[in-house]
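**Q** Can you keep this structure in mind? I'll have questions shortly.
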Amino acid sequence: MAIFELFFTLFLFAIIHSNIAQVDATFSKSMYITWGAQHASLQGDDLQLVLDKTSGSAAQTKIPFLFGTIESRIKLVSNNSAGTVTAYYLSSTGNQHDEIDFEFLGNISGQPYTIHTNVYTQGNGSKEQQFHLWFDPSTDFHNYTIHWNPTEIVWYIDSIPIRVFRNYENEGIAYPNKQGMKVYTSLWNADDWATRGGLVKTDWSNAPFTAKFNHFRARACKWNGEVSISQCSSNVAANWWISPTYKQLGYAQLGQMNWVRKNYMIYDYCRDTKRFNGQMPLECFKAQF
């Protein structure tokens with residue numbers, strides 16, 4: 001009996017461990033170009049997306065994930081980027097899709113980018129928080145990371161947390177934990193809304209616009225259908241993202257995030273009482289960090 005139990009434990013560990021994506025996978029191994037192939041380039045650990053008046057460009061991962069850490073270094077469109085949007089996000093498919101967003105809304109020269117974050121659960125979004133940055137994201141590469149586990153989602157910029165969305169599913173608040181999501185990147189024209197609500201249009205005399213990505217890492221659980229819902233959340237060593245370390249931010253991280261939110265947050269849906277006619281989303285009354 002003991003031999004059988006040992007064999008079963010090793011077998012279960014092997015199955016779960018096999019679902020962990022390669023840590024050192026490069027862009028060219030992990031992704032493929034889905035739009036604007038005449039513009040984009042994908043070579044080794046470098047991805048370049050280009051937008052001009054004829055087309056934008058986009059790429060996505062070959063496989064979906066459920067929980068883990070997704071990170072990439074990004075150098076955004078420089079100079080007058082008004083009207084452009086560089087997107088970097090996780091998403092499933094269909095009308096009831098889940099999604100976790102980073103979107104970078106361009107601006108005229110000398111004015112700050114807007115970092116737009118959002119969460120969709122079962123097709124419903126409207127959970128936007130927006131930030132300016134404490135640096136110019138177009139002069140050098142910076143790290144943008146999404147950490148997602150059964151307890152919380154955390155958005156990081158250069159290892160500094162800027163936002164947390166916690167799981168309160170047991171209190172009737174939807175949480176993205178039952179759909180595998182691929183990673184998507186894109187650069188596109190959104191001058192009908194991206195800069196000052198669409199008042200500032202894209203200046204095509206500055207085209208082509210270029211966003212550069214490198215050091216893509218998906219340290220995450222591979223989605224293999226519904227069986228992954230339990231496999232990727234099982235309390236085993238291979239699922240490192242569910243360890244106590246990742247269930248809540250530490251004291252120093254909370255200090256960093258509070259600094260960002262105090263000095264650089266420009267919009268929080270949970271403070272927009274006018275938008276929701278006083279009927280605020282339930283999660284706005286819950287502690288997120």
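Just so we're on the same page: first chain in the structure tokens is A, next is B, and so on; residues restart at 1 for each chain, and ligands are numbered from 1 in the order they show up.
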Excluding stretch 249-256 of chain A and residues on its chain fewer than 2 positions from it, collect all residues at most 12 Å away from it, counting only C-alpha atoms, and give them as a PyMOL selection string.
**A** chain A and resi 147+151-166+244-247+258-264+288-289
**Q** Can you list, as a ChimeraX atom specification, every protein, DNA or RNA residue that comes within 8 Å of A:Pro176 when you count only C-alpha atoms, leaving out same-chain residues fewer than 4 positions away?
**A** /A:98-99,120-122
**Q** As an MDAnalysis selection string, which residues of stretch 2-243 of chain A does DSSP assign to helix (DSSP H, G or I)?
**A** chainID A and resid 2:18 27:30 169:171 196:198 204:206 227:231 240:242
**Q** Measuring between only C-alpha atoms, which one of A:Ala87, A:Val50, A:Ile100, A:Leu42 shows the shortest distance to A:Tyr175?
**A**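 For A:Tyr175, the nearest of the given residues is A:Ile100.
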**Q** Can you tell me which residues surround stretch 93-95 of chain A at a distance of at most 12 Å, considering only C-alpha atoms, apart from same-chain residues fewer than 4 positions away, and format the answer as JSON, numbers by chain?
**A** {"A": [64, 99, 120, 121, 122, 123, 124, 125, 179, 180, 181, 182, 183, 184]}
**Q** For the selection just defined, write its residues with N, CA, C and O atoms to a file, as a CSV table (one decimal), in the first residue's frame.
**A**
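See out28.csv below for the written result:
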chain,number,residue,atom,x,y,z
A,64,PRO,N,-2.5,28.9,-23.8
A,64,PRO,CA,-3.1,29.7,-22.6
A,64,PRO,C,-2.5,29.2,-21.3
A,64,PRO,O,-2.0,28.1,-21.2
A,99,GLU,N,-10.2,38.6,-18.5
A,99,GLU,CA,-9.2,39.4,-19.1
A,99,GLU,C,-8.5,40.2,-18.0
A,99,GLU,O,-9.1,40.7,-17.0
A,120,TYR,N,-11.6,41.9,-16.5
A,120,TYR,CA,-12.9,41.4,-17.0
A,120,TYR,C,-13.1,40.0,-16.3
A,120,TYR,O,-12.2,39.2,-16.3
A,121,THR,N,-14.3,39.8,-15.8
A,121,THR,CA,-14.7,38.5,-15.3
A,121,THR,C,-16.0,38.1,-16.0
A,121,THR,O,-17.0,38.9,-15.9
A,122,GLN,N,-16.0,37.0,-16.7
A,122,GLN,CA,-17.2,36.5,-17.4
A,122,GLN,C,-17.8,37.5,-18.3
A,122,GLN,O,-19.0,37.7,-18.3
A,123,GLY,N,-17.0,38.3,-19.0
A,123,GLY,CA,-17.4,39.2,-20.0
A,123,GLY,C,-17.7,40.6,-19.4
A,123,GLY,O,-18.0,41.5,-20.2
A,124,ASN,N,-17.6,40.8,-18.1
A,124,ASN,CA,-17.9,42.1,-17.5
A,124,ASN,C,-16.6,42.8,-17.1
A,124,ASN,O,-15.8,42.2,-16.3
A,125,GLY,N,-16.4,44.0,-17.5
A,125,GLY,CA,-15.2,44.8,-17.2
A,125,GLY,C,-15.6,45.9,-16.2
A,125,GLY,O,-16.0,45.7,-15.1
A,179,GLN,N,-10.9,30.0,-16.5
A,179,GLN,CA,-10.7,30.1,-17.9
A,179,GLN,C,-9.2,30.3,-18.2
A,179,GLN,O,-8.6,31.2,-17.6
A,180,GLY,N,-8.6,29.5,-19.1
A,180,GLY,CA,-7.2,29.7,-19.5
A,180,GLY,C,-7.1,31.0,-20.3
A,180,GLY,O,-8.1,31.3,-21.1
A,181,MET,N,-6.1,31.7,-20.2
A,181,MET,CA,-5.9,33.0,-20.9
A,181,MET,C,-4.5,33.0,-21.6
A,181,MET,O,-3.5,32.6,-21.0
A,182,LYS,N,-4.6,33.4,-22.9
A,182,LYS,CA,-3.3,33.7,-23.6
A,182,LYS,C,-2.8,35.1,-23.3
A,182,LYS,O,-3.6,35.9,-22.9
A,183,VAL,N,-1.6,35.3,-23.6
A,183,VAL,CA,-1.0,36.6,-23.5
A,183,VAL,C,-1.0,37.3,-24.9
A,183,VAL,O,-0.7,36.7,-25.9
A,184,TYR,N,-1.5,38.6,-24.9
A,184,TYR,CA,-1.6,39.3,-26.2
A,184,TYR,C,-0.8,40.6,-26.1
A,184,TYR,O,-0.8,41.2,-25.0
**Q** Within 7 Å of A:Gln130, counting only C-alpha atoms, which residues qualify if same-chain residues fewer than 3 places away don't, as an mmCIF file with all heavy atoms, in the first residue's frame?
**A**
data_model
loop_
_atom_site.group_PDB
_atom_site.id
_atom_site.type_symbol
_atom_site.label_atom_id
_atom_site.label_comp_id
_atom_site.auth_asym_id
_atom_site.auth_seq_id
_atom_site.Cartn_x
_atom_site.Cartn_y
_atom_site.Cartn_z
ATOM 1 N N THR A 114 -0.624 57.467 -20.019
ATOM 2 C CA THR A 114 -1.594 56.963 -19.054
ATOM 3 C C THR A 114 -1.531 55.444 -19.057
ATOM 4 O O THR A 114 -1.649 54.810 -20.112
ATOM 5 C CB THR A 114 -3.025 57.420 -19.397
ATOM 6 O OG1 THR A 114 -3.110 58.843 -19.262
ATOM 7 C CG2 THR A 114 -4.048 56.774 -18.468
ATOM 8 N N ILE A 115 -1.312 54.861 -17.879
ATOM 9 C CA ILE A 115 -1.307 53.410 -17.723
ATOM 10 C C ILE A 115 -2.712 52.989 -17.318
ATOM 11 O O ILE A 115 -3.207 53.358 -16.256
ATOM 12 C CB ILE A 115 -0.293 52.958 -16.660
ATOM 13 C CG1 ILE A 115 1.087 53.580 -16.922
ATOM 14 C CG2 ILE A 115 -0.217 51.433 -16.619
ATOM 15 C CD1 ILE A 115 1.644 53.294 -18.288
ATOM 16 N N HIS A 116 -3.372 52.234 -18.172
ATOM 17 C CA HIS A 116 -4.762 51.827 -17.994
ATOM 18 C C HIS A 116 -4.778 50.357 -17.587
ATOM 19 O O HIS A 116 -4.249 49.495 -18.306
ATOM 20 C CB HIS A 116 -5.510 52.034 -19.315
ATOM 21 C CG HIS A 116 -6.946 51.630 -19.292
ATOM 22 N ND1 HIS A 116 -7.966 52.513 -19.041
ATOM 23 C CD2 HIS A 116 -7.534 50.432 -19.514
ATOM 24 C CE1 HIS A 116 -9.127 51.887 -19.107
ATOM 25 N NE2 HIS A 116 -8.889 50.615 -19.391
ATOM 26 N N THR A 117 -5.373 50.045 -16.429
ATOM 27 C CA THR A 117 -5.496 48.655 -15.984
ATOM 28 C C THR A 117 -6.978 48.307 -15.844
ATOM 29 O O THR A 117 -7.798 49.165 -15.526
ATOM 30 C CB THR A 117 -4.793 48.421 -14.636
ATOM 31 O OG1 THR A 117 -5.468 49.159 -13.595
ATOM 32 C CG2 THR A 117 -3.340 48.859 -14.697
ATOM 33 N N MET A 265 -1.868 57.842 -9.186
ATOM 34 C CA MET A 265 -3.176 57.374 -9.641
ATOM 35 C C MET A 265 -4.016 58.561 -10.091
ATOM 36 O O MET A 265 -4.109 59.569 -9.397
ATOM 37 C CB MET A 265 -3.903 56.610 -8.539
ATOM 38 C CG MET A 265 -5.324 56.210 -8.918
ATOM 39 S SD MET A 265 -6.175 55.297 -7.611
ATOM 40 C CE MET A 265 -5.729 53.635 -8.081
ATOM 41 N N ILE A 266 -4.635 58.419 -11.267
ATOM 42 C CA ILE A 266 -5.462 59.508 -11.793
ATOM 43 C C ILE A 266 -6.925 59.111 -11.952
ATOM 44 O O ILE A 266 -7.783 59.975 -12.172
ATOM 45 C CB ILE A 266 -4.908 60.029 -13.137
ATOM 46 C CG1 ILE A 266 -4.855 58.908 -14.177
ATOM 47 C CG2 ILE A 266 -3.533 60.657 -12.948
ATOM 48 C CD1 ILE A 266 -4.515 59.385 -15.588
ATOM 49 N N TYR A 267 -7.229 57.817 -11.863
ATOM 50 C CA TYR A 267 -8.635 57.386 -11.944
ATOM 51 C C TYR A 267 -8.801 56.067 -11.222
ATOM 52 O O TYR A 267 -7.982 55.150 -11.356
ATOM 53 C CB TYR A 267 -9.102 57.227 -13.390
ATOM 54 C CG TYR A 267 -10.547 56.744 -13.475
ATOM 55 C CD1 TYR A 267 -11.608 57.633 -13.318
ATOM 56 C CD2 TYR A 267 -10.837 55.397 -13.680
ATOM 57 C CE1 TYR A 267 -12.924 57.198 -13.350
ATOM 58 C CE2 TYR A 267 -12.158 54.952 -13.723
ATOM 59 C CZ TYR A 267 -13.194 55.863 -13.552
ATOM 60 O OH TYR A 267 -14.502 55.424 -13.578
ATOM 61 N N ASP A 268 -9.880 55.962 -10.455
ATOM 62 C CA ASP A 268 -10.247 54.724 -9.764
ATOM 63 C C ASP A 268 -11.762 54.560 -9.871
ATOM 64 O O ASP A 268 -12.521 55.384 -9.367
ATOM 65 C CB ASP A 268 -9.817 54.796 -8.301
ATOM 66 C CG ASP A 268 -10.141 53.523 -7.521
ATOM 67 O OD1 ASP A 268 -10.720 52.591 -8.108
ATOM 68 O OD2 ASP A 268 -9.801 53.469 -6.321
#
**Q** Can you tell me, as an MDAnalysis selection string, what residues are no more than 12 Å from stretch 195-200 of chain A when counting only C-alpha atoms, ignoring any on the same chain fewer than 5 positions away?
**A** chainID A and resid 80:85 104:109 111:116 189:190
**Q** Would you work out the distance separating atom CA of A:Ala218 from atom CA of A:Trp134, expressed in Å to one decimal?
**A** 26.1 Å
**Q** May I ask for the distance between atom CA of A:Trp241 and atom CA of A:Phe65, given in Å to one decimal place?
**A**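 Separation between atom CA of A:Trp241 and atom CA of A:Phe65: 12.8 Å.
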**Q** I'd like to know which of A:Ala220, A:Val227, A:Ile63, A:Met31 is closest to A:Gln43, using only C-alpha atoms.
**A** A:Met31
**Q** Would you kindly return, as a count of residues only, each protein, DNA or RNA residue with an atom no farther than 10 Å from any atom of A:Trp35, considering only C-alpha atoms and excluding same-chain residues fewer than 2 positions away?
**A** 15
**Q** Could you check how far atom CA of A:Phe216 sits from atom CA of A:Trp204, in Å to one decimal?
**A**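 Computed distance, atom CA of A:Phe216 to atom CA of A:Trp204, equals 29.5 Å.
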**Q** Name the residues of stretch 34-283 of chain A that come out as strand (DSSP E or B) in a backbone DSSP run; write them as number ranges by chain.
**A** A: 34-35, 41-43, 46-51, 57-61, 65-75, 84-91, 99-105, 114-121, 124, 129-131, 142-148, 152-157, 160-166, 181-189, 209-222, 265-268
